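Data block below; observations after.
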Amino acid sequence: MNVVTNLAYRSGGERGLLDVMLPEGDGTFPVVVCIHGGGWAEGRKENMHPYGDLLVDMGVAAVIPNYRLSGTHAHPAQEEDIFAVLDWIVEHAREYRFDPQRIGLTGSSAGGHLAVLVGLKGTHPARGRRNYRLRCMFPVCGVYDLALRVAERPDRAHRAEALIGGPVSEMGAVERDASPVAHVHPDAPPCLAVHGARDELVPPNQSLRLVDALRAVGADAEAMIVPEAGHGRFMPGSDPPEPLGGRKVFQEFFRKHLSDR
C-alpha cells in the first residue's frame, strides 16, 4: 500500500488537504471518497484511514479529505469542498492511476450526510454531465433530514443551525438545500445506509427516512440497522470492529458497484 498525505486539493490551509491511499499494482483503480464526521464542526481526515485500509485491501483507492468546518464556514462550503475533491481526482487521475468513472462515496455521521448530499446533487440530471461518475453511496449514521433532526432533538439543534447559518425557522431554503432528502431523484446512485439501532446521538430513523425517500422515486436504496450498536460503534476501527459482519458488508457493497468498468 502507498499512502500520500497532505495533498492540497484547494487553497486555504489544512482544511483543504487530503490523503490518498493506493493499492499495490498498476491500476487503474476505482476510488472511494471517505468523509470524516464530527457534527460538521470538528473531525479530521485521519479518522477515516481505517476505511481506507479496508478499501485498499480489495484493490480500491481511498481519497480522504479534510473540509471546511461550520464554525467558520456555513453550508454550502462543506459540499463545495467535496465537489472540489472530485475535480481533483479527475485532474490527478493519470498521476495516481484513478478511474474517475468508478467513484464511490462513504462517510461517518456528518461525513455520511455529505456523502449522500454530494452523491445526489452530483448525479442529478439538472446539473449536466460531469467528467466523473458517482457509482454508489455508503453513508454511516448520518443526518439526512435536518428539519426532522431539529424537531426531534431541539437540544442538539445548534449543530444543524451552525451548518446552515441560523435557526431552521429562518433558514428554510438553506435547510432544504443542505438536506439530502430534498434532492432524491430516480438517477441517484445505489445507496446502503447503515445505522446503529441504539444510536442516541443520531437516531436510526434518519437512515430509514432517506431510504424511504429514495425508494419513493424509484432509486436503489437499502437500510442496514445494526442491533445493539450505538453511534458509529460498528464502523471499521471501532471496538468490537464488526458486529453483523460490517467489514464484509462494506467491502461487498463497493465490490458490487465499482468492480465493472
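Ligands are numbered from 1 in the order shown, residues from 1 within each chain, and chains are lettered A, B, ... in the order they appear in the C-alpha cells.
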Near region 218-229 of chain A, within 8 Å and counting only C-alpha atoms, which residues show up once chain neighbours fewer than 3 positions away are dropped, as a list in words?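 Residues meeting the cut-off are His185, Pro186, Asp187, Ala188, Pro189, Pro190, Cys191, Leu192, Ala193, Val194, His195, Gly196, Ala197, Arg198, Asp199, Pro204, Ser207, Leu208, Val211, Leu214, Arg215, Gly232, Arg233, Phe234, Pro243 and Leu244 of chain A.
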Using only C-alpha atoms, which protein or nucleic acid residues come within 8 Å of region 82-85 of chain A? Drop anything in the same chain fewer than 6 positions from it, and give the result as a PDB file with C-alpha atoms, in the first residue's frame.
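Written out: around-v7.pdb:
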ATOM      1  CA  TYR A   9      -6.980  19.984  -3.414  1.00  0.00           C
ATOM      2  CA  ARG A  10      -7.725  23.691  -2.967  1.00  0.00           C
ATOM      3  CA  PRO A  65     -10.196  14.854   2.655  1.00  0.00           C
ATOM      4  CA  TYR A  67     -13.155  20.087   4.594  1.00  0.00           C
ATOM      5  CA  LEU A 114     -22.046  14.949   2.928  1.00  0.00           C
ATOM      6  CA  VAL A 118     -22.870  15.227  -2.957  1.00  0.00           C
TER       7      VAL A 118
END
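The environment of Val150 (chain A) within 8 Å, counting only C-alpha atoms and disregarding residues fewer than 4 places along the same chain, consists of Leu146, Pro154, Arg156, Ala157, Ala160 and Val168 of chain A.
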Prev. selection, N, CA and C atoms, output as a short mmCIF file (atom, residue, chain, number, x, y, z; two decimals), in the first residue's frame:
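That gives us part_35.cif:
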data_model
loop_
_atom_site.label_atom_id
_atom_site.label_comp_id
_atom_site.auth_asym_id
_atom_site.auth_seq_id
_atom_site.Cartn_x
_atom_site.Cartn_y
_atom_site.Cartn_z
N LEU A 146 -32.58 17.58 7.93
CA LEU A 146 -32.18 18.49 9.00
C LEU A 146 -33.39 19.00 9.79
N PRO A 154 -34.32 19.11 19.67
CA PRO A 154 -34.01 20.54 19.75
C PRO A 154 -32.81 20.84 20.63
N ARG A 156 -30.05 19.47 20.39
CA ARG A 156 -28.87 19.38 19.54
C ARG A 156 -29.01 20.23 18.27
N ALA A 157 -29.95 21.14 18.29
CA ALA A 157 -30.18 21.96 17.10
C ALA A 157 -28.99 22.82 16.74
N ALA A 160 -26.89 21.57 13.64
CA ALA A 160 -27.50 21.80 12.33
C ALA A 160 -27.58 23.29 12.01
N VAL A 168 -33.44 26.98 11.89
CA VAL A 168 -34.18 26.36 10.79
C VAL A 168 -35.42 27.18 10.44
#
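Comparing A:Leu163, A:Met1, A:Lys45, A:Phe250 by their smallest distance to Pro139 (chain A), the closest is A:Phe250 (using only C-alpha atoms).
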Spatial neighbours of Pro76 (chain A), 10 Å, only C-alpha atoms, chain gap at least 2 places, as a ChimeraX atom specification: /A:68,70,73-74,78-81,163-165,174,177-178
